[in-house]
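Engineer: Just dropping this structure here.
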Amino acid sequence: MSLCDDTLLCNFPKCRIKLNGFAWVTACSHVFCDQHGSGEFTRSPAICPACSSALSGKLDIVRTELSPSEDYKAMVLAGLRPDIVLDISSRALAFWSYQVHQEHMYQEYSLSQAEGQLKQMEKVLTQQNQSRELELTAMRGEISSLKKVMEDYKRKYSEMSERLMERNRQYQKLQGLYDSLRLRNMVVGVGERDTLPQAGHHNVNTGAAQPSTPQRSPQFLSVGHDGDSRFFSCLEADGAKTFFQFSSPARERGRPFIRKY
């Protein structure tokens with residue numbers, strides 16, 4: 001706003017609109033729009049909304065027309081001495097200059113406030129950016145660490161899978177060997193039951209009960225890694241007798257006959 005501007009602004013803090021039509025002028029050099037002036041200055045005592053000055057004089061508040069008619073202009077200062085006209089004009093110009101100066105101060109204050117807020121926001125933004133960068137760096141490090149852990153787990157999983165497959169192969173091999181060995185044992189057991197006599201058989205010549213000779217159980221041999229070794233052996237021990245023991249007639253004649261009563 002400059003001296004050549006043809007409009008003033010309402011001095012009400014929340015208004016700041018350009019004045020036109022009618023305006024309310026105060027003795028403390030403030031001006032208000034017709035809406036806020038009518039609302040503020042109808043109460044008693046009147047207080048200036050801009051500087052909180054008491055306006056108790058009769059001419060401390062004046063409602064004036066901002067665009068007077070030509071007749072008003074011709075008659076308002078008519079008949080006054082030149083010094084009075086100059087005094088009125090100088091006071092009117094001083095009022096205008098004060099409004100321009102106040103507007104300039106207000107704009108500078110608003111600019112300084114905006115610059116302060118801008119600097120504060122830039123500072124906050126810089127801090128937030130730094131914080132985000134630190135968080136991003138930490139997250140990248142964590143991601144890298146997690147990738148290493150994942151690779152380690154993948155390696156361990158692969159090793160465990162190979163070991164499990166190897167154990168399964170060994171289990172299948174041992175299971176086949178076990179089934180074959182059990183089948184052969186079953187066949188040998190059936191043959192022994194068919195050939196062994198009852199325990200405590202009688203001598204055919206003397207009638208005396210003879211204990212049966214105990215037989216050796218099949219001796220199992222160790223199984224090699226290739227699975228080609230024989231699984232069991234039915235060989236008798238050295239000096240083992242046959243299943244049935246019969247006495248010869250010569251031996252029976254040499255023994256005394258004893259009758260039992």
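In the structure tokens, the first chain shown is A, the next is B, and so on; residue numbers restart at 1 for each chain, and ligands run from 1 in the order shown.
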Pick out the residues sitting within 12 Å of Gln35 (chain A), and hand them over as a PyMOL selection string; count only C-alpha atoms, and ignore anything fewer than 5 positions along from it in its own chain.
Structural biologist: chain A and resi 10+12+15+17+19-24+40-42+63
Engineer: Please, could you write that set of residues out with N, CA, C and O atoms as a PDB file, in the first residue's frame?
Structural biologist:
ATOM      1  N   CYS A  10      -9.560  -2.442   6.175  1.00  0.00           N
ATOM      2  CA  CYS A  10     -10.185  -2.469   7.499  1.00  0.00           C
ATOM      3  C   CYS A  10      -9.147  -2.883   8.525  1.00  0.00           C
ATOM      4  O   CYS A  10      -8.410  -3.851   8.329  1.00  0.00           O
ATOM      5  N   PHE A  12      -9.718  -4.082  11.429  1.00  0.00           N
ATOM      6  CA  PHE A  12     -10.162  -5.169  12.295  1.00  0.00           C
ATOM      7  C   PHE A  12      -9.256  -6.371  12.045  1.00  0.00           C
ATOM      8  O   PHE A  12      -9.005  -6.753  10.894  1.00  0.00           O
ATOM      9  N   CYS A  15     -10.439  -9.097   9.652  1.00  0.00           N
ATOM     10  CA  CYS A  15     -11.163  -8.661   8.459  1.00  0.00           C
ATOM     11  C   CYS A  15     -10.194  -8.370   7.311  1.00  0.00           C
ATOM     12  O   CYS A  15     -10.093  -9.142   6.366  1.00  0.00           O
ATOM     13  N   ILE A  17     -10.303  -6.309   4.807  1.00  0.00           N
ATOM     14  CA  ILE A  17     -10.850  -6.144   3.462  1.00  0.00           C
ATOM     15  C   ILE A  17     -10.674  -4.701   3.017  1.00  0.00           C
ATOM     16  O   ILE A  17     -10.473  -3.788   3.821  1.00  0.00           O
ATOM     17  N   LEU A  19     -11.788  -1.108   1.865  1.00  0.00           N
ATOM     18  CA  LEU A  19     -12.948  -0.314   2.267  1.00  0.00           C
ATOM     19  C   LEU A  19     -13.572   0.348   1.040  1.00  0.00           C
ATOM     20  O   LEU A  19     -12.878   0.845   0.153  1.00  0.00           O
ATOM     21  N   ASN A  20     -14.904   0.378   1.045  1.00  0.00           N
ATOM     22  CA  ASN A  20     -15.671   1.091   0.023  1.00  0.00           C
ATOM     23  C   ASN A  20     -17.022   1.458   0.602  1.00  0.00           C
ATOM     24  O   ASN A  20     -17.470   0.867   1.593  1.00  0.00           O
ATOM     25  N   GLY A  21     -17.644   2.426   0.043  1.00  0.00           N
ATOM     26  CA  GLY A  21     -18.930   2.877   0.564  1.00  0.00           C
ATOM     27  C   GLY A  21     -18.733   3.721   1.806  1.00  0.00           C
ATOM     28  O   GLY A  21     -18.174   4.806   1.768  1.00  0.00           O
ATOM     29  N   PHE A  22     -19.117   3.167   2.966  1.00  0.00           N
ATOM     30  CA  PHE A  22     -18.984   3.875   4.242  1.00  0.00           C
ATOM     31  C   PHE A  22     -17.939   3.181   5.121  1.00  0.00           C
ATOM     32  O   PHE A  22     -17.729   1.972   5.025  1.00  0.00           O
ATOM     33  N   ALA A  23     -17.302   3.991   5.958  1.00  0.00           N
ATOM     34  CA  ALA A  23     -16.291   3.478   6.877  1.00  0.00           C
ATOM     35  C   ALA A  23     -16.401   4.211   8.199  1.00  0.00           C
ATOM     36  O   ALA A  23     -16.929   5.333   8.269  1.00  0.00           O
ATOM     37  N   TRP A  24     -15.882   3.547   9.250  1.00  0.00           N
ATOM     38  CA  TRP A  24     -15.880   4.128  10.590  1.00  0.00           C
ATOM     39  C   TRP A  24     -14.447   4.545  10.919  1.00  0.00           C
ATOM     40  O   TRP A  24     -13.537   3.727  10.915  1.00  0.00           O
ATOM     41  N   GLU A  40     -19.142  -2.957  16.539  1.00  0.00           N
ATOM     42  CA  GLU A  40     -18.264  -2.652  17.667  1.00  0.00           C
ATOM     43  C   GLU A  40     -18.609  -1.330  18.356  1.00  0.00           C
ATOM     44  O   GLU A  40     -18.492  -1.222  19.581  1.00  0.00           O
ATOM     45  N   PHE A  41     -19.027  -0.348  17.593  1.00  0.00           N
ATOM     46  CA  PHE A  41     -19.177   0.989  18.165  1.00  0.00           C
ATOM     47  C   PHE A  41     -20.600   1.315  18.596  1.00  0.00           C
ATOM     48  O   PHE A  41     -20.881   2.432  19.015  1.00  0.00           O
ATOM     49  N   THR A  42     -21.514   0.369  18.483  1.00  0.00           N
ATOM     50  CA  THR A  42     -22.863   0.606  18.987  1.00  0.00           C
ATOM     51  C   THR A  42     -22.963   0.327  20.479  1.00  0.00           C
ATOM     52  O   THR A  42     -23.956   0.705  21.111  1.00  0.00           O
ATOM     53  N   ARG A  63     -18.724   8.129  11.305  1.00  0.00           N
ATOM     54  CA  ARG A  63     -19.052   7.317  10.133  1.00  0.00           C
ATOM     55  C   ARG A  63     -19.023   8.237   8.924  1.00  0.00           C
ATOM     56  O   ARG A  63     -19.788   9.190   8.833  1.00  0.00           O
TER      57      ARG A  63
END
Engineer: Run DSSP on the backbone and grab whatever in region 11-169 of chain A lands in strand (DSSP E); send it over as a compact mmCIF listing (two decimals) with all heavy atoms, in the first residue's frame.
Structural biologist:
# COMPACT_ATOMS: atom_id res chain seq x y z
N PHE A 22 -19.12 3.17 2.97
CA PHE A 22 -18.98 3.88 4.24
C PHE A 22 -17.94 3.18 5.12
O PHE A 22 -17.73 1.97 5.03
CB PHE A 22 -20.32 3.91 4.98
CG PHE A 22 -21.33 4.80 4.31
CD1 PHE A 22 -22.19 4.31 3.34
CD2 PHE A 22 -21.42 6.16 4.67
CE1 PHE A 22 -23.12 5.15 2.74
CE2 PHE A 22 -22.36 6.98 4.06
CZ PHE A 22 -23.20 6.47 3.09
N ALA A 23 -17.30 3.99 5.96
CA ALA A 23 -16.29 3.48 6.88
C ALA A 23 -16.40 4.21 8.20
O ALA A 23 -16.93 5.33 8.27
CB ALA A 23 -14.90 3.63 6.28
N TRP A 24 -15.88 3.55 9.25
CA TRP A 24 -15.88 4.13 10.59
C TRP A 24 -14.45 4.55 10.92
O TRP A 24 -13.54 3.73 10.92
CB TRP A 24 -16.39 3.13 11.61
CG TRP A 24 -17.85 2.80 11.44
CD1 TRP A 24 -18.41 2.00 10.52
CD2 TRP A 24 -18.91 3.29 12.24
NE1 TRP A 24 -19.77 1.93 10.65
CE2 TRP A 24 -20.11 2.73 11.74
CE3 TRP A 24 -19.00 4.16 13.33
CZ2 TRP A 24 -21.37 3.01 12.27
CZ3 TRP A 24 -20.25 4.42 13.86
CH2 TRP A 24 -21.41 3.85 13.34
N VAL A 25 -14.28 5.87 11.20
CA VAL A 25 -12.97 6.42 11.49
C VAL A 25 -12.92 6.81 12.96
O VAL A 25 -13.89 7.38 13.49
CB VAL A 25 -12.68 7.65 10.59
CG1 VAL A 25 -11.29 8.21 10.89
CG2 VAL A 25 -12.79 7.27 9.11
N THR A 26 -11.79 6.51 13.62
CA THR A 26 -11.65 6.79 15.05
C THR A 26 -10.61 7.90 15.27
O THR A 26 -9.76 8.16 14.39
CB THR A 26 -11.24 5.54 15.83
OG1 THR A 26 -9.95 5.13 15.38
CG2 THR A 26 -12.24 4.41 15.61
N VAL A 31 -9.39 2.86 11.07
CA VAL A 31 -10.56 2.87 10.22
C VAL A 31 -11.09 1.43 10.10
O VAL A 31 -10.30 0.47 10.04
CB VAL A 31 -10.23 3.46 8.82
CG1 VAL A 31 -9.18 2.63 8.10
CG2 VAL A 31 -11.49 3.60 7.99
N PHE A 32 -12.40 1.29 10.05
CA PHE A 32 -13.03 -0.04 10.03
C PHE A 32 -14.14 -0.04 8.99
O PHE A 32 -14.71 1.01 8.65
CB PHE A 32 -13.60 -0.39 11.41
CG PHE A 32 -12.57 -0.38 12.50
CD1 PHE A 32 -12.38 0.77 13.27
CD2 PHE A 32 -11.79 -1.48 12.76
CE1 PHE A 32 -11.43 0.79 14.27
CE2 PHE A 32 -10.83 -1.47 13.77
CZ PHE A 32 -10.65 -0.33 14.52
N CYS A 33 -14.43 -1.21 8.52
CA CYS A 33 -15.51 -1.35 7.54
C CYS A 33 -16.84 -1.09 8.22
O CYS A 33 -16.94 -1.08 9.46
CB CYS A 33 -15.47 -2.73 6.90
SG CYS A 33 -15.73 -4.10 8.05
N ALA A 46 -17.45 2.63 23.97
CA ALA A 46 -16.84 2.13 22.73
C ALA A 46 -15.34 1.95 22.95
O ALA A 46 -14.67 2.80 23.52
CB ALA A 46 -17.12 3.10 21.60
N ILE A 47 -14.84 0.83 22.45
CA ILE A 47 -13.41 0.48 22.54
C ILE A 47 -12.91 0.21 21.13
O ILE A 47 -13.55 -0.50 20.34
CB ILE A 47 -13.16 -0.74 23.45
CG1 ILE A 47 -13.72 -0.49 24.86
CG2 ILE A 47 -11.69 -1.08 23.52
CD1 ILE A 47 -13.05 0.62 25.61
N ALA A 54 -10.07 3.83 24.58
CA ALA A 54 -11.44 4.21 24.91
C ALA A 54 -11.85 5.40 24.04
O ALA A 54 -11.11 6.38 23.90
CB ALA A 54 -11.54 4.57 26.37
N LEU A 55 -13.00 5.29 23.45
CA LEU A 55 -13.51 6.33 22.55
C LEU A 55 -14.80 6.91 23.16
O LEU A 55 -15.91 6.54 22.81
CB LEU A 55 -13.79 5.75 21.16
CG LEU A 55 -12.59 5.05 20.48
CD1 LEU A 55 -13.03 4.35 19.20
CD2 LEU A 55 -11.49 6.04 20.20
N ILE A 61 -15.57 8.95 17.18
CA ILE A 61 -15.96 7.96 16.17
C ILE A 61 -16.84 8.68 15.16
O ILE A 61 -17.85 9.31 15.52
CB ILE A 61 -16.73 6.79 16.81
CG1 ILE A 61 -15.88 6.12 17.91
CG2 ILE A 61 -17.09 5.75 15.75
CD1 ILE A 61 -16.64 5.10 18.71
N VAL A 62 -16.50 8.57 13.90
CA VAL A 62 -17.26 9.22 12.84
C VAL A 62 -17.48 8.22 11.72
O VAL A 62 -16.54 7.55 11.27
CB VAL A 62 -16.52 10.47 12.31
CG1 VAL A 62 -17.29 11.08 11.15
CG2 VAL A 62 -16.33 11.48 13.41
N ARG A 63 -18.72 8.13 11.31
CA ARG A 63 -19.05 7.32 10.13
C ARG A 63 -19.02 8.24 8.92
O ARG A 63 -19.79 9.19 8.83
CB ARG A 63 -20.42 6.67 10.30
CG ARG A 63 -20.80 5.70 9.17
CD ARG A 63 -22.11 5.01 9.50
NE ARG A 63 -22.49 4.04 8.48
CZ ARG A 63 -23.29 4.30 7.46
NH1 ARG A 63 -23.84 5.53 7.32
NH2 ARG A 63 -23.59 3.36 6.57
N THR A 64 -18.14 7.94 8.00
CA THR A 64 -17.94 8.84 6.86
C THR A 64 -18.11 8.09 5.55
O THR A 64 -17.96 6.86 5.49
CB THR A 64 -16.54 9.46 6.91
OG1 THR A 64 -16.39 10.38 5.82
CG2 THR A 64 -15.47 8.39 6.80
N GLU A 65 -18.44 8.87 4.56
CA GLU A 65 -18.60 8.32 3.22
C GLU A 65 -17.28 8.45 2.47
O GLU A 65 -16.70 9.54 2.37
CB GLU A 65 -19.71 9.07 2.47
CG GLU A 65 -20.05 8.45 1.13
CD GLU A 65 -21.19 9.18 0.43
OE1 GLU A 65 -21.70 10.15 1.01
OE2 GLU A 65 -21.58 8.77 -0.68
Engineer: So how many Å separate CA of Pro49 (chain A) and CA of Ala27 (chain A), to one decimal?
Structural biologist: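 Calculated distance between CA of Pro49 (chain A) and CA of Ala27 (chain A) is 12.7 Å.
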Engineer: I'd like the contact shell of Tyr98 (chain A) - 10 Å cut-off, only C-alpha atoms, skipping same-chain residues fewer than 6 positions apart - returned as a list of chain:residue names.
Structural biologist: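 My reading of the contact set: A:Ser29, A:His30, A:Ala92, A:His104.
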Engineer: CA of Ser52 (chain A) and CA of Lys14 (chain A) are how many Å apart?
Structural biologist: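 These two atoms are separated by 15.1 Å.
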